[in-house]
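Enquirer: Dropping the structure in here first, questions after.
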Amino acid sequence: MMQEIGDLDSLVRKRIRALRVAQGWSLEELAGRANLSQSSLSRIENGQRRLALDQLVTLARALDTTLDQLIENATDDVVISPIVDGAHGRLRWSVKSDPDMSVIRQRMTEPPPDNLSRMRAHPGREWLVVLSGTAILMLGHRRFRLETNQAAEFPTMLPHAIGAEGGPCELLGIFDRDARRGHQRDNDGDTSESRR
């Protein structure tokens with residue numbers, strides 16, 4: 001437990017310094033923004049001064065971040081294994097998930113359904129970027145062809161489906177909170193995620 005606290009303390013100090021350097025600020029500049037002396041900030045960054053909560057709040061604000069982000073302990077898995085849906089020619093990797101947004105990487109090999117009854121609609125908004133190959137986005141009766149490096153954004157209340165054209169394609173999909181909930185609800189009830 002003490003080791004974990006020490007590791008977090010060291011991580012927070014490194015983050016403060018890294019964020020300061022990324023902004024191109026000197027010790028003096030950040031100290032001024034955070035209402036600290038330059039020597040106090042230097043001792044905080046170098047581990048020679050105890051981290052105080054009130055100073056961390058002020059530093060987070062000055063660095064244009066939140067206290068939660070500043071002290072977040074990186075316990076998330078580094079290696080992410082795909083979820084395999086071999087029946088529908090699909091691999092999915094959950095890249096990021098938090099209460100407001102999810103990022104999913106998907107590899108698709110099957111074309112999307114063009115039948116409205118097989119498309120999904122739910123509250124929310126979705127963004128996608130084609131990483132490789134060609135994707136087909138169906139929005140109701142409209143068909144959009146997306147090449148590598150093209151992106152799309154759409155409200156998920158429109159009946160929609162996504163698939164590949166002419167071989168595998170890889171996508172990065174970003175779902176807001178409502179869109180993610182819609183996909184999770186569909187997954188709980190049936191295998192309709194395969195329709196995406």
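Each chain in the structure tokens gets a letter, A, B and so on, in the order shown; residues start at 1 in every chain, and ligands are counted from 1 in the order they appear.
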Can you pull out the residues contacting A:Leu116? Cut-off 12 Å, using only C-alpha atoms, and skip same-chain residues under 2 positions away; I want them as an MDAnalysis selection string.

Expert: chainID A and resid 112:114 118:121 138:143 158:161 195

Enquirer: Save out the residues we just selected, N, CA and C atoms, as a compact mmCIF listing (two decimals), in the first residue's frame.

Expert:
```
# COMPACT_ATOMS: atom_id res chain seq x y z
N PRO A 112 -22.90 -4.22 -44.79
CA PRO A 112 -24.02 -3.91 -43.89
C PRO A 112 -25.34 -4.38 -44.48
N PRO A 113 -26.34 -4.60 -43.65
CA PRO A 113 -27.66 -4.92 -44.19
C PRO A 113 -28.24 -3.66 -44.83
N ASP A 114 -28.99 -3.84 -45.90
CA ASP A 114 -29.64 -2.67 -46.49
C ASP A 114 -31.14 -2.68 -46.20
N ARG A 118 -33.38 -4.42 -40.25
CA ARG A 118 -32.19 -4.97 -39.60
C ARG A 118 -31.24 -3.88 -39.12
N MET A 119 -31.62 -2.61 -39.31
CA MET A 119 -30.80 -1.49 -38.83
C MET A 119 -31.25 -1.10 -37.43
N ARG A 120 -30.39 -0.45 -36.71
CA ARG A 120 -30.73 -0.01 -35.36
C ARG A 120 -30.91 1.50 -35.31
N ALA A 121 -31.69 1.94 -34.36
CA ALA A 121 -31.87 3.36 -34.09
C ALA A 121 -32.01 3.52 -32.58
N MET A 138 -24.87 2.87 -43.85
CA MET A 138 -26.27 2.98 -44.25
C MET A 138 -26.99 3.86 -43.23
N LEU A 139 -27.61 4.92 -43.69
CA LEU A 139 -28.45 5.79 -42.85
C LEU A 139 -29.83 5.80 -43.48
N GLY A 140 -30.71 4.98 -42.95
CA GLY A 140 -32.02 4.81 -43.58
C GLY A 140 -31.83 4.23 -44.96
N HIS A 141 -32.37 4.88 -45.98
CA HIS A 141 -32.24 4.41 -47.37
C HIS A 141 -31.01 5.01 -48.06
N ARG A 142 -30.26 5.87 -47.35
CA ARG A 142 -29.08 6.49 -47.96
C ARG A 142 -27.85 5.64 -47.70
N ARG A 143 -26.99 5.55 -48.71
CA ARG A 143 -25.79 4.72 -48.63
C ARG A 143 -24.57 5.61 -48.83
N LEU A 158 -31.31 7.99 -36.41
CA LEU A 158 -31.52 7.51 -37.78
C LEU A 158 -31.23 6.02 -37.81
N PRO A 159 -32.08 5.20 -38.45
CA PRO A 159 -31.73 3.79 -38.59
C PRO A 159 -30.38 3.69 -39.31
N HIS A 160 -29.46 2.92 -38.74
CA HIS A 160 -28.12 2.89 -39.30
C HIS A 160 -27.48 1.52 -39.19
N ALA A 161 -26.52 1.28 -40.08
CA ALA A 161 -25.74 0.05 -40.07
C ALA A 161 -24.42 0.36 -40.78
N ARG A 195 -25.12 -6.36 -36.33
CA ARG A 195 -25.71 -5.61 -37.45
C ARG A 195 -24.95 -4.34 -37.73
```

Enquirer: Show which residues sit within 12 Å of A:Leu171, as a PyMOL selection string. Count only C-alpha atoms, and ignore same-chain residues fewer than 2 positions away.

Expert: chain A and resi 90-95+103-109+127-137+146-152+162-164+168-169+173-174+196

Enquirer: Enter the distance from atom CA of A:Asp178 to atom CA of A:Val84, in Å, rounded to one decimal.

Expert: 24.2 Å

Enquirer: Might you pull out every residue within 10 Å of stretch 63-66 of chain A, with only C-alpha atoms counted and same-chain residues fewer than 3 positions away left off, and present them as a list in words?

Expert: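 Within the cut-off, the hits are Ile16, Leu19, Arg20, Ala22, Gln23, Trp25, Leu30, Arg33, Ala34, Leu56, Val57, Thr58, Leu59, Ala60, Gln69, Leu70, Ile71 and Glu72 of chain A.
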
Enquirer: Output C-alpha atoms for every residue in the selection just made, as a CSV table (one decimal), in the first residue's frame.

Expert:
```csv
chain,number,residue,atom,x,y,z
A,16,ILE,CA,2.8,18.4,-13.3
A,19,LEU,CA,2.1,19.3,-18.4
A,20,ARG,CA,4.1,22.5,-17.7
A,22,ALA,CA,4.1,20.7,-22.8
A,23,GLN,CA,2.6,24.2,-22.4
A,25,TRP,CA,6.0,27.3,-19.5
A,30,LEU,CA,3.4,28.2,-13.9
A,33,ARG,CA,-0.4,31.1,-12.7
A,34,ALA,CA,-0.8,28.9,-9.7
A,56,LEU,CA,-2.9,20.4,-6.4
A,57,VAL,CA,-6.3,21.9,-7.0
A,58,THR,CA,-4.7,25.2,-7.9
A,59,LEU,CA,-2.0,23.5,-10.1
A,60,ALA,CA,-4.6,21.5,-11.9
A,69,GLN,CA,-7.0,13.7,-14.2
A,70,LEU,CA,-3.9,15.0,-12.3
A,71,ILE,CA,-4.1,12.2,-9.6
A,72,GLU,CA,-5.6,9.5,-11.7
```

Enquirer: Could you work out how far atom CA of A:Met101 lies from atom CA of A:Val12, giving the answer in Å with one decimal?

Expert: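 The value is 24.5 Å.
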
Enquirer: Looking only at the backbone, which of the residues in stretch 80-180 of chain A does DSSP tag as helix (DSSP H, G or I), as a list in words?

Expert: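 Those residues are Gly86, Ala87, His88, Leu116, Ser117, Arg118, Arg177, Asp178, Ala179 and Arg180 of chain A.
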
Enquirer: Since we have the selection now, will you write its residues out, keeping C-alpha atoms, as a PDB file, in the first residue's frame?

Expert:
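Listing of selection23.pdb after writing:
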```pdb
ATOM      1  CA  GLY A  86     -16.489 -14.882 -36.106  1.00  0.00           C
ATOM      2  CA  ALA A  87     -20.054 -15.549 -37.229  1.00  0.00           C
ATOM      3  CA  HIS A  88     -20.354 -11.970 -38.493  1.00  0.00           C
ATOM      4  CA  LEU A 116     -34.322  -1.089 -42.649  1.00  0.00           C
ATOM      5  CA  SER A 117     -35.729  -3.746 -40.319  1.00  0.00           C
ATOM      6  CA  ARG A 118     -32.185  -4.966 -39.603  1.00  0.00           C
ATOM      7  CA  ARG A 177     -23.135   8.322 -23.590  1.00  0.00           C
ATOM      8  CA  ASP A 178     -26.582   7.783 -25.142  1.00  0.00           C
ATOM      9  CA  ALA A 179     -25.275   5.995 -28.242  1.00  0.00           C
ATOM     10  CA  ARG A 180     -23.158   3.685 -26.087  1.00  0.00           C
TER      11      ARG A 180
END
```
